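One file, final24.csv, is given below (CSV, C-alpha atoms).
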chain,number,residue,atom,x,y,z
A,1,MET,CA,0.0,0.0,0.0
A,2,PRO,CA,1.4,3.4,-1.0
A,3,LEU,CA,1.5,6.4,1.3
A,4,HIS,CA,-0.2,9.6,0.2
A,5,PHE,CA,2.3,12.4,0.5
A,6,GLU,CA,1.6,16.1,0.1
A,7,LEU,CA,4.1,18.9,0.3
A,8,VAL,CA,2.5,22.4,0.5
A,9,THR,CA,4.0,25.8,0.6
A,10,PRO,CA,2.2,29.1,0.9
A,11,ALA,CA,2.6,29.7,-2.8
A,12,LYS,CA,1.6,26.3,-4.2
A,13,LEU,CA,1.0,22.6,-3.8
A,14,VAL,CA,4.5,21.3,-4.5
A,15,ARG,CA,3.9,17.6,-4.4
A,16,SER,CA,0.8,15.3,-4.1
A,17,GLU,CA,1.7,11.8,-4.9
A,18,GLU,CA,1.8,8.2,-3.8
A,19,VAL,CA,5.1,7.1,-2.4
A,20,HIS,CA,6.5,4.2,-0.3
A,21,MET,CA,8.0,6.0,2.6
A,22,VAL,CA,9.0,9.5,3.7
A,23,VAL,CA,11.6,10.3,6.3
A,24,VAL,CA,11.0,13.6,7.9
A,25,PRO,CA,13.6,15.5,10.0
A,26,GLY,CA,11.4,16.3,13.1
A,27,THR,CA,12.6,18.7,15.8
A,28,GLU,CA,13.1,15.8,18.2
A,29,GLY,CA,14.7,13.5,15.7
A,30,GLU,CA,14.0,12.0,12.3
A,31,PHE,CA,11.0,9.8,11.8
A,32,GLY,CA,9.9,7.7,8.9
A,33,VAL,CA,6.3,7.5,7.8
A,34,LEU,CA,4.8,4.5,6.1
A,35,GLU,CA,1.2,3.8,5.1
A,36,GLY,CA,-1.0,3.3,8.2
A,37,HIS,CA,1.1,5.5,10.6
A,38,ALA,CA,-0.8,6.6,13.7
A,39,PRO,CA,-2.0,10.2,13.8
A,40,PHE,CA,0.9,12.4,14.6
A,41,MET,CA,1.9,16.1,14.5
A,42,SER,CA,5.4,17.4,14.7
A,43,THR,CA,7.4,20.5,13.9
A,44,ILE,CA,10.3,20.1,11.5
A,45,ARG,CA,13.8,21.4,11.8
A,46,ASP,CA,15.3,22.9,8.6
A,47,GLY,CA,16.7,20.1,6.6
A,48,ALA,CA,16.0,17.5,3.9
A,49,VAL,CA,12.8,15.4,3.6
A,50,GLN,CA,13.7,12.1,2.1
A,51,VAL,CA,11.1,10.6,-0.3
A,52,PHE,CA,11.4,6.9,-1.1
A,53,ARG,CA,9.2,6.3,-4.1
A,54,THR,CA,9.5,2.5,-3.9
A,55,GLU,CA,11.0,0.2,-1.4
A,56,GLY,CA,14.8,0.2,-1.5
A,57,ALA,CA,15.0,3.0,-4.1
A,58,ALA,CA,17.4,5.8,-3.6
A,59,PRO,CA,15.7,8.7,-1.7
A,60,GLU,CA,14.9,12.0,-3.3
A,61,LEU,CA,15.9,14.9,-1.1
A,62,ILE,CA,13.8,18.0,-0.8
A,63,GLN,CA,15.2,20.8,1.3
A,64,VAL,CA,12.5,22.5,3.5
A,65,ARG,CA,12.6,25.4,5.9
A,66,GLY,CA,10.0,26.3,8.5
A,67,GLY,CA,8.1,23.1,8.3
A,68,PHE,CA,5.4,21.2,10.0
A,69,ALA,CA,4.3,17.6,9.5
A,70,GLU,CA,0.9,16.1,10.0
A,71,VAL,CA,0.1,12.4,9.7
A,72,GLY,CA,-3.6,11.6,9.5
A,73,ASP,CA,-6.0,9.2,7.8
A,74,LYS,CA,-5.2,10.8,4.4
A,75,GLY,CA,-1.5,10.3,4.7
A,76,LEU,CA,1.3,12.7,5.4
A,77,THR,CA,1.1,16.4,4.8
A,78,VAL,CA,4.2,18.6,5.1
A,79,LEU,CA,3.6,22.3,5.4
A,80,ALA,CA,6.7,24.2,4.7
A,81,GLU,CA,7.3,28.0,4.4
A,82,HIS,CA,10.2,27.5,2.0
A,83,VAL,CA,11.1,24.6,-0.3
A,84,GLU,CA,14.3,24.4,-2.4
A,85,ASP,CA,14.1,21.9,-5.2
B,1,MET,CA,-20.3,77.7,-29.6
B,2,ALA,CA,-16.9,76.1,-29.9
B,3,SER,CA,-15.2,76.6,-33.2
B,4,LEU,CA,-14.6,73.6,-35.5
B,5,LYS,CA,-10.9,73.5,-34.7
B,6,GLU,CA,-11.6,73.4,-30.9
B,7,LEU,CA,-14.1,70.6,-31.3
B,8,LYS,CA,-11.6,68.6,-33.4
B,9,GLY,CA,-9.0,69.1,-30.8
B,10,ARG,CA,-11.3,67.9,-28.0
B,11,ILE,CA,-12.3,64.8,-30.0
B,12,ASN,CA,-8.7,63.9,-30.5
B,13,SER,CA,-7.8,64.3,-26.9
B,14,VAL,CA,-10.7,62.2,-25.8
B,15,LYS,CA,-9.7,59.6,-28.3
B,16,SER,CA,-6.2,59.3,-26.9
B,17,THR,CA,-7.6,59.1,-23.3
B,18,GLN,CA,-9.7,56.2,-24.5
B,19,LYS,CA,-6.7,54.5,-25.9
B,20,ILE,CA,-5.0,54.7,-22.5
B,21,THR,CA,-8.0,53.4,-20.5
B,22,LYS,CA,-8.5,50.6,-23.0
B,23,ALA,CA,-4.8,49.6,-22.7
B,24,LYS,CA,-5.0,49.7,-18.9
B,25,GLN,CA,-8.2,47.6,-19.0
B,26,MET,CA,-6.5,44.9,-21.0
B,27,VAL,CA,-3.4,44.9,-18.8
B,28,ALA,CA,-5.7,44.6,-15.7
B,29,ALA,CA,-7.6,41.7,-17.3
B,30,ALA,CA,-4.3,39.8,-17.9
B,31,LYS,CA,-3.0,40.5,-14.5
B,32,LEU,CA,-6.3,39.6,-12.8
B,33,ARG,CA,-6.0,36.1,-14.2
B,34,LYS,CA,-2.6,35.7,-12.8
B,35,ALA,CA,-3.5,37.2,-9.4
B,36,GLN,CA,-6.5,34.9,-9.2
B,37,ALA,CA,-4.4,31.9,-9.9
B,38,ALA,CA,-1.9,32.9,-7.2
B,39,ALA,CA,-4.7,33.4,-4.7
B,40,GLU,CA,-6.1,30.0,-5.7
B,41,SER,CA,-2.9,28.1,-5.2
B,42,ALA,CA,-2.2,29.8,-1.8
B,43,ARG,CA,-5.5,28.4,-0.5
B,44,ALA,CA,-4.3,24.8,0.0
B,45,TYR,CA,-1.7,25.8,2.5
B,46,ALA,CA,-4.0,28.3,4.3
B,47,GLU,CA,-6.8,25.7,4.6
B,48,ARG,CA,-4.5,23.0,6.0
B,49,LEU,CA,-2.8,25.3,8.4
B,50,ALA,CA,-6.2,26.6,9.6
B,51,GLY,CA,-7.3,23.0,10.1
B,52,VAL,CA,-4.3,22.2,12.3
B,53,MET,CA,-4.7,25.5,14.2
B,54,ALA,CA,-8.3,24.8,14.9
B,55,SER,CA,-7.7,21.4,16.4
B,56,LEU,CA,-4.7,22.6,18.4
B,57,SER,CA,-6.2,25.8,19.7
B,58,GLY,CA,-9.3,24.0,20.9
B,59,LYS,CA,-7.1,22.1,23.3
B,60,VAL,CA,-4.9,24.9,24.5
B,61,ALA,CA,-7.5,27.7,24.6
B,62,GLY,CA,-8.4,29.1,28.0
B,63,GLN,CA,-5.2,28.0,29.6
B,64,ALA,CA,-3.1,30.6,31.3
B,65,ASN,CA,0.1,29.4,29.6
B,66,ALA,CA,-1.3,29.8,26.1
B,67,PRO,CA,1.1,31.7,23.9
B,68,LEU,CA,1.0,35.5,24.1
B,69,LEU,CA,-0.1,35.9,20.5
B,70,MET,CA,-3.2,33.9,21.3
B,71,ARG,CA,-4.4,35.0,24.7
B,72,GLY,CA,-3.6,38.7,24.1
B,73,THR,CA,-2.1,41.2,26.5
B,74,GLY,CA,-5.3,41.2,28.6
B,75,ALA,CA,-5.9,44.9,27.7
B,76,ASP,CA,-8.0,46.3,24.9
B,77,SER,CA,-7.0,50.0,24.9
B,78,ARG,CA,-4.4,50.4,22.1
B,79,HIS,CA,-5.5,49.3,18.6
B,80,LEU,CA,-3.4,49.0,15.5
B,81,LEU,CA,-5.1,49.2,12.2
B,82,VAL,CA,-3.1,47.6,9.4
B,83,VAL,CA,-4.4,49.0,6.1
B,84,ALA,CA,-3.4,47.3,2.9
B,85,ASN,CA,-3.7,49.5,-0.2
B,86,SER,CA,-2.1,49.5,-3.6
B,87,ASP,CA,0.5,51.7,-5.0
B,88,LYS,CA,-1.2,52.7,-8.2
B,89,GLY,CA,-4.5,54.4,-8.9
B,90,LEU,CA,-6.7,53.9,-12.0
B,91,ALA,CA,-8.7,51.3,-10.0
B,92,GLY,CA,-11.9,53.1,-9.3
B,93,ALA,CA,-13.0,53.2,-5.7
B,94,PHE,CA,-10.7,50.3,-4.7
B,95,ASN,CA,-8.4,52.2,-2.4
B,96,SER,CA,-10.9,54.7,-1.1
B,97,ASN,CA,-13.3,51.9,-0.1
B,98,ILE,CA,-10.6,50.2,2.1
B,99,VAL,CA,-9.6,53.6,3.6
B,100,ARG,CA,-13.2,54.5,4.3
B,101,ALA,CA,-13.7,51.2,6.2
B,102,ALA,CA,-10.5,51.8,8.2
B,103,LEU,CA,-11.4,55.4,9.1
B,104,LEU,CA,-14.9,54.3,10.1
B,105,LYS,CA,-13.5,51.7,12.4
B,106,ALA,CA,-10.9,54.2,13.8
B,107,ARG,CA,-13.6,56.7,14.7
B,108,GLU,CA,-15.7,54.0,16.3
B,109,LEU,CA,-12.7,52.9,18.4
B,110,GLU,CA,-11.8,56.4,19.4
B,111,ALA,CA,-15.4,57.1,20.3
B,112,ALA,CA,-15.2,54.1,22.6
B,113,GLY,CA,-12.1,55.6,24.3
B,114,HIS,CA,-9.4,53.4,22.7
B,115,SER,CA,-6.3,54.8,21.1
B,116,VAL,CA,-5.7,54.1,17.5
B,117,GLU,CA,-2.6,53.9,15.3
B,118,PHE,CA,-2.1,53.0,11.7
B,119,TYR,CA,0.3,50.7,9.9
B,120,LEU,CA,0.1,51.2,6.2
B,121,VAL,CA,0.9,48.7,3.5
B,122,GLY,CA,1.1,50.4,0.1
B,123,ARG,CA,1.2,54.1,-0.8
B,124,LYS,CA,-2.3,55.1,-1.8
B,125,GLY,CA,-4.1,55.4,1.5
B,126,ARG,CA,-1.5,57.6,3.2
B,127,PRO,CA,-2.6,61.1,2.3
B,128,VAL,CA,-6.3,60.5,3.3
B,129,ILE,CA,-5.4,58.8,6.5
B,130,ARG,CA,-2.9,61.4,7.4
B,131,ARG,CA,-5.4,64.2,6.9
B,132,ALA,CA,-7.9,62.5,9.2
B,133,PHE,CA,-5.4,61.2,11.8
B,134,PRO,CA,-2.3,63.4,11.4
B,135,ASP,CA,0.1,61.9,14.0
B,136,GLN,CA,-1.2,58.4,14.2
B,137,ILE,CA,0.6,56.6,11.4
B,138,THR,CA,3.3,54.6,13.1
B,139,ALA,CA,4.8,52.9,10.1
B,140,GLN,CA,4.5,52.2,6.5
B,141,PHE,CA,5.5,49.2,4.6
B,142,ASP,CA,6.8,50.1,1.2
B,143,THR,CA,5.5,47.9,-1.6
B,144,SER,CA,6.5,50.2,-4.5
B,145,GLU,CA,9.3,47.9,-5.6
B,146,ILE,CA,7.2,44.8,-5.5
B,147,ARG,CA,5.4,43.6,-8.6
B,148,ASN,CA,3.5,40.6,-7.2
B,149,PRO,CA,3.1,40.2,-3.5
B,150,GLY,CA,5.1,37.2,-2.4
B,151,PHE,CA,5.3,35.3,0.9
B,152,ALA,CA,8.5,37.1,1.7
B,153,GLU,CA,6.7,40.4,2.0
B,154,ALA,CA,4.0,38.8,4.2
B,155,GLU,CA,6.7,37.4,6.3
B,156,ARG,CA,8.4,40.8,6.8
B,157,ILE,CA,5.1,42.5,7.7
B,158,ALA,CA,4.2,39.8,10.1
B,159,ASP,CA,7.7,39.9,11.7
B,160,GLU,CA,7.4,43.6,12.1
B,161,LEU,CA,4.0,43.4,13.7
B,162,VAL,CA,5.0,40.6,16.1
B,163,ALA,CA,8.0,42.6,17.1
B,164,MET,CA,5.9,45.7,17.8
B,165,TYR,CA,3.4,43.5,19.7
B,166,GLU,CA,6.0,41.9,21.8
B,167,ALA,CA,7.5,45.3,22.6
B,168,GLY,CA,4.0,46.2,24.0
B,169,ARG,CA,3.2,48.9,21.4
B,170,PHE,CA,-0.4,47.8,20.9
B,171,ASP,CA,-3.0,45.3,22.2
B,172,VAL,CA,-5.1,44.5,19.3
B,173,ALA,CA,-4.4,44.6,15.6
B,174,HIS,CA,-7.0,44.7,12.8
B,175,LEU,CA,-6.2,44.1,9.1
B,176,PHE,CA,-8.1,46.0,6.4
B,177,PHE,CA,-8.1,44.7,2.8
B,178,SER,CA,-10.4,44.0,0.0
B,179,ARG,CA,-11.8,40.6,-0.4
B,180,PHE,CA,-12.1,39.4,-4.0
B,181,ARG,CA,-15.6,38.2,-4.9
B,182,SER,CA,-15.6,38.8,-8.6
B,183,ALA,CA,-14.2,41.2,-11.1
B,184,LEU,CA,-17.2,43.4,-10.4
B,185,VAL,CA,-17.5,43.0,-6.6
B,186,GLN,CA,-14.7,43.6,-4.1
B,187,GLU,CA,-15.7,43.8,-0.4
B,188,PRO,CA,-13.6,45.9,2.0
B,189,THR,CA,-13.0,43.6,4.9
B,190,VAL,CA,-11.7,43.9,8.4
B,191,GLN,CA,-10.1,41.0,10.3
B,192,GLN,CA,-8.7,40.8,13.7
B,193,ILE,CA,-5.2,39.4,13.3
B,194,ILE,CA,-3.6,39.9,16.8
B,195,PRO,CA,-4.5,38.3,19.2
B,196,VAL,CA,-4.9,35.4,16.8
B,197,PRO,CA,-8.6,34.4,16.8
B,198,ALA,CA,-9.1,30.6,16.8
B,199,PRO,CA,-10.0,29.5,13.3
B,200,THR,CA,-13.5,28.3,13.0
B,201,VAL,CA,-12.9,25.4,10.7
B,202,ALA,CA,-15.0,22.4,11.3
B,203,PRO,CA,-12.6,19.7,12.5
B,204,VAL,CA,-12.0,17.0,9.9
B,205,ALA,CA,-14.4,14.1,10.7
B,206,GLY,CA,-12.7,11.1,12.2
B,207,SER,CA,-9.2,12.3,12.3
B,208,ALA,CA,-9.9,15.0,15.0
B,209,GLU,CA,-11.3,12.4,17.4
B,210,ALA,CA,-8.4,10.0,17.0
B,211,VAL,CA,-5.7,10.3,19.5
B,212,VAL,CA,-3.0,12.4,17.9
B,213,GLU,CA,0.5,12.3,19.2
B,214,TYR,CA,2.4,15.6,19.4
B,215,GLU,CA,6.1,16.1,19.1
B,216,PRO,CA,7.1,18.3,20.9
B,217,GLY,CA,4.1,19.2,23.1
B,218,GLU,CA,0.9,20.9,22.0
B,219,GLU,CA,1.9,24.3,23.4
B,220,GLU,CA,5.2,24.2,21.7
B,221,ILE,CA,3.7,23.4,18.4
B,222,LEU,CA,1.1,26.1,18.8
B,223,ALA,CA,3.7,28.6,19.8
B,224,GLU,CA,5.6,27.8,16.6
B,225,LEU,CA,2.6,27.8,14.4
B,226,LEU,CA,1.0,31.0,15.5
B,227,PRO,CA,3.4,33.4,13.8
B,228,ARG,CA,3.2,31.2,10.7
B,229,TYR,CA,-0.5,31.3,10.8
B,230,LEU,CA,-0.3,35.1,11.1
B,231,LYS,CA,2.0,35.2,8.0
B,232,THR,CA,-0.4,33.0,6.1
B,233,ARG,CA,-3.3,35.3,7.0
B,234,ILE,CA,-1.4,38.4,5.9
B,235,PHE,CA,-0.2,36.6,2.7
B,236,GLY,CA,-3.8,35.6,1.9
B,237,ALA,CA,-5.0,39.2,2.4
B,238,LEU,CA,-2.2,40.6,0.2
B,239,LEU,CA,-3.2,38.2,-2.6
B,240,GLU,CA,-6.9,38.9,-2.3
B,241,ASN,CA,-6.0,42.6,-2.4
B,242,ALA,CA,-3.9,42.2,-5.5
B,243,ALA,CA,-6.7,40.3,-7.3
B,244,SER,CA,-9.3,42.9,-6.1
B,245,GLU,CA,-7.1,45.8,-7.3
B,246,GLN,CA,-6.9,44.3,-10.8
B,247,GLY,CA,-10.6,43.5,-10.8
B,248,ALA,CA,-11.5,47.0,-9.7
B,249,SER,CA,-9.1,48.5,-12.2
B,250,MET,CA,-10.6,46.4,-15.0
B,251,THR,CA,-14.2,47.4,-14.2
B,252,ALA,CA,-13.3,51.1,-13.8
B,253,MET,CA,-11.3,51.2,-17.0
B,254,ASP,CA,-14.1,49.4,-18.9
B,255,ASN,CA,-16.5,52.1,-17.7
B,256,ALA,CA,-14.0,54.9,-18.6
B,257,THR,CA,-13.5,53.5,-22.1
B,258,ARG,CA,-17.3,53.3,-22.7
B,259,ASN,CA,-17.7,56.9,-21.4
B,260,ALA,CA,-15.0,58.1,-23.6
B,261,GLY,CA,-16.8,56.4,-26.6
B,262,ASP,CA,-20.1,58.2,-25.7
B,263,LEU,CA,-18.3,61.5,-25.4
B,264,ILE,CA,-16.6,61.0,-28.8
B,265,ASN,CA,-20.0,60.3,-30.4
B,266,SER,CA,-21.7,63.4,-29.0
B,267,LEU,CA,-18.7,65.6,-29.9
B,268,THR,CA,-18.6,64.2,-33.4
B,269,ILE,CA,-22.3,65.0,-33.8
B,270,GLN,CA,-21.7,68.5,-32.5
B,271,TYR,CA,-18.8,68.9,-34.9
B,272,ASN,CA,-20.8,67.8,-37.9
B,273,ARG,CA,-23.6,70.1,-37.0
B,274,SER,CA,-21.5,73.1,-36.7
B,275,ARG,CA,-19.7,72.2,-39.9
B,276,GLN,CA,-23.0,72.0,-41.7
B,277,ALA,CA,-24.2,75.3,-40.1
B,278,ALA,CA,-21.0,77.0,-41.4
B,279,ILE,CA,-21.6,75.6,-45.0
B,280,THR,CA,-25.2,76.7,-44.9
B,281,THR,CA,-24.3,80.2,-43.8
B,282,GLU,CA,-21.7,80.4,-46.6
B,283,LEU,CA,-24.3,79.3,-49.2
B,284,ILE,CA,-26.8,81.8,-48.0
B,285,GLU,CA,-24.2,84.6,-48.2
B,286,ILE,CA,-23.3,83.6,-51.8
B,287,ILE,CA,-27.0,83.3,-52.9
B,288,ALA,CA,-27.9,86.6,-51.3
B,289,GLY,CA,-24.9,88.2,-53.0
B,290,ALA,CA,-25.9,86.8,-56.4
B,291,GLU,CA,-29.5,88.0,-56.0
B,292,ALA,CA,-28.4,91.5,-55.1
B,293,LEU,CA,-26.7,91.9,-58.5

Conversion result in structure tokens:
Amino acid sequence: MPLHFELVTPAKLVRSEEVHMVVVPGTEGEFGVLEGHAPFMSTIRDGAVQVFRTEGAAPELIQVRGGFAEVGDKGLTVLAEHVED
Amino acid sequence: MASLKELKGRINSVKSTQKITKAKQMVAAAKLRKAQAAAESARAYAERLAGVMASLSGKVAGQANAPLLMRGTGADSRHLLVVANSDKGLAGAFNSNIVRAALLKARELEAAGHSVEFYLVGRKGRPVIRRAFPDQITAQFDTSEIRNPGFAEAERIADELVAMYEAGRFDVAHLFFSRFRSALVQEPTVQQIIPVPAPTVAPVAGSAEAVVEYEPGEEEILAELLPRYLKTRIFGALLENAASEQGASMTAMDNATRNAGDLINSLTIQYNRSRQAAITTELIEIIAGAEAL
């Protein structure tokens, strides 16, 4: 089962896609989110979000600043003030 | 009656005015589309953040240790009116509508015994507000170098406001801008931005009831998100304002173009009439002269 991942900035919806896993740099340590993760909210320190499209694939790095992550029924939503592609 | 030459001159000058208003109308139409798209794409972030804020603030509200931005200073005496205007005219009553709403609110607050200060964004509202409240403009945010309002500007405005708030310069801040309804309708709107009112978004069914884990604690997340939420609100207002300005400009310029067309028509009729009158007079003179022989 894929995980629905959304990355949103104030200017636009950067990503909205199905991925395998996302590793998020939370303020209290990195955490990985897979499908079916328990509801969770965390602030994010500035750094790279790693997106694994498929199991075992090389991660895609997205630099975010001023971020916030929310895990709910609908998957993972990362709100970031700035994103550097 | 104006001479033929004068009439001709007036017709030409109205024609060139019409060209200008027509060009401005087309520019506004093109920019309106862009501004609307920008406002549209900013909505996703604002909605999600408002949702998170709603669920968080419901838990923290009423507690004594709620962040300062949320619970306020406890006083209600000094008000700051943040008035967002544009830098350019040719937009009909767009700027004056916003300014009028702000002045109305200011008088109301002063009548209730509160002190009022202004924080201006954009250039157009300044002269009017300065005439009404000469020494109460604390600061002005210069947007004359900015083509499209970006998040960076909203960030700078919000940072400035928060700094002033934390320094104890005011208790309550209101934001005045024009909400974009359609190209024809823009509503001057006032929102309280500080202390941050809890968003009234219906919690997402199901997910709100589920036990959510917070990292770090709820208060810390809220304290972090409040300034961001403020920035988002200001950013949204700036975008709405930009779209409204273009919409108002388009409508005003469309009217102006049509008026100029009407004016040209009536002037042309007048021109033709006086030309014919002149010809008739000449003919009469010639015939009278011939008969006299």

Please identify all residues of chain B having at least one atom at most 9 Å from any atom of chain A, considering only C-alpha atoms, and return them as a PDB file with C-alpha atoms, in the coordinates of the input.
ATOM      1  CA  ALA B  38      -1.900  32.900  -7.200  1.00  0.00           C
ATOM      2  CA  ALA B  39      -4.700  33.400  -4.700  1.00  0.00           C
ATOM      3  CA  GLU B  40      -6.100  30.000  -5.700  1.00  0.00           C
ATOM      4  CA  SER B  41      -2.900  28.100  -5.200  1.00  0.00           C
ATOM      5  CA  ALA B  42      -2.200  29.800  -1.800  1.00  0.00           C
ATOM      6  CA  ARG B  43      -5.500  28.400  -0.500  1.00  0.00           C
ATOM      7  CA  ALA B  44      -4.300  24.800   0.000  1.00  0.00           C
ATOM      8  CA  TYR B  45      -1.700  25.800   2.500  1.00  0.00           C
ATOM      9  CA  ALA B  46      -4.000  28.300   4.300  1.00  0.00           C
ATOM     10  CA  ARG B  48      -4.500  23.000   6.000  1.00  0.00           C
ATOM     11  CA  LEU B  49      -2.800  25.300   8.400  1.00  0.00           C
ATOM     12  CA  VAL B  52      -4.300  22.200  12.300  1.00  0.00           C
ATOM     13  CA  GLY B 150       5.100  37.200  -2.400  1.00  0.00           C
ATOM     14  CA  PHE B 151       5.300  35.300   0.900  1.00  0.00           C
ATOM     15  CA  GLY B 206     -12.700  11.100  12.200  1.00  0.00           C
ATOM     16  CA  SER B 207      -9.200  12.300  12.300  1.00  0.00           C
ATOM     17  CA  ALA B 210      -8.400  10.000  17.000  1.00  0.00           C
ATOM     18  CA  VAL B 211      -5.700  10.300  19.500  1.00  0.00           C
ATOM     19  CA  VAL B 212      -3.000  12.400  17.900  1.00  0.00           C
ATOM     20  CA  GLU B 213       0.500  12.300  19.200  1.00  0.00           C
ATOM     21  CA  TYR B 214       2.400  15.600  19.400  1.00  0.00           C
ATOM     22  CA  GLU B 215       6.100  16.100  19.100  1.00  0.00           C
ATOM     23  CA  PRO B 216       7.100  18.300  20.900  1.00  0.00           C
ATOM     24  CA  GLY B 217       4.100  19.200  23.100  1.00  0.00           C
ATOM     25  CA  GLU B 218       0.900  20.900  22.000  1.00  0.00           C
ATOM     26  CA  GLU B 220       5.200  24.200  21.700  1.00  0.00           C
ATOM     27  CA  ILE B 221       3.700  23.400  18.400  1.00  0.00           C
ATOM     28  CA  GLU B 224       5.600  27.800  16.600  1.00  0.00           C
ATOM     29  CA  LEU B 225       2.600  27.800  14.400  1.00  0.00           C
ATOM     30  CA  ARG B 228       3.200  31.200  10.700  1.00  0.00           C
ATOM     31  CA  THR B 232      -0.400  33.000   6.100  1.00  0.00           C
ATOM     32  CA  PHE B 235      -0.200  36.600   2.700  1.00  0.00           C
ATOM     33  CA  GLY B 236      -3.800  35.600   1.900  1.00  0.00           C
TER      34      GLY B 236
END

Counting all atoms listed in the file, what is within 10 Å of Leu267 of chain B, bar same-chain residues fewer than 4 positions away, as a list in words? Leu7, Lys8, Arg10, Ile11, Val14, Gly261, Asp262, Leu263, Tyr271, Asn272 and Arg273 of chain B

Generate a file of the selected residues that holds C-alpha atoms, formatted as an mmCIF file, in the frame of the given file.
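To be explicit, this is the file written out as selection_9.cif:
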data_model
loop_
_atom_site.group_PDB
_atom_site.id
_atom_site.type_symbol
_atom_site.label_atom_id
_atom_site.label_comp_id
_atom_site.auth_asym_id
_atom_site.auth_seq_id
_atom_site.Cartn_x
_atom_site.Cartn_y
_atom_site.Cartn_z
ATOM 1 C CA LEU B 7 -14.100 70.600 -31.300
ATOM 2 C CA LYS B 8 -11.600 68.600 -33.400
ATOM 3 C CA ARG B 10 -11.300 67.900 -28.000
ATOM 4 C CA ILE B 11 -12.300 64.800 -30.000
ATOM 5 C CA VAL B 14 -10.700 62.200 -25.800
ATOM 6 C CA GLY B 261 -16.800 56.400 -26.600
ATOM 7 C CA ASP B 262 -20.100 58.200 -25.700
ATOM 8 C CA LEU B 263 -18.300 61.500 -25.400
ATOM 9 C CA TYR B 271 -18.800 68.900 -34.900
ATOM 10 C CA ASN B 272 -20.800 67.800 -37.900
ATOM 11 C CA ARG B 273 -23.600 70.100 -37.000
#

What separates atom CA of Phe52 of chain A and atom CA of Met21 of chain A is a distance of 5.1 Å

At a cut-off of 10 Å, using all atoms listed in the file, what residues contact Ser77 of chain B? Leave out same-chain residues fewer than 6 positions from it and give the result as a ChimeraX atom specification. /B:109-110,112-116,170-172

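Between Pro2 of chain A and the candidates A:Ala58, A:Val24, A:Leu34, A:Val51, the tightest atom-to-atom separation, counting only C-alpha atoms, involves A:Leu34.
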
Nearest to Arg71 of chain B, chosen from B:Thr251, B:Ser3, B:Gln136, B:Ser57, with only C-alpha atoms counted in the distances: B:Ser57

Quick one: axis-aligned box around all listed atoms of segment 155-160 of chain B, 8 Å on every side, centre and edge lengths in Å to one decimal, written as JSON.
{"center_x": 6.3, "center_y": 40.5, "center_z": 9.2, "size_x": 20.2, "size_y": 22.2, "size_z": 21.8}

Between atom CA of Glu219 of chain B and atom CA of Leu3 of chain A, what is the spacing in Å?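 Value for the atom CA of Leu3 of chain A-atom CA of Glu219 of chain B distance: 28.4 Å.
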
At what distance in Å, to one decimal, does atom CA of Tyr229 of chain B lie from atom CA of Gly168 of chain B?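 Atom-to-atom, atom CA of Gly168 of chain B to atom CA of Tyr229 of chain B, that is 20.4 Å.
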
Which residues are near segment 143-145 of chain B? Cut-off 7 Å, all atoms listed in the file, ignore same chain within fewer than 6 positions. Put them as an NGL selection string. :B and (87 or 121-122)
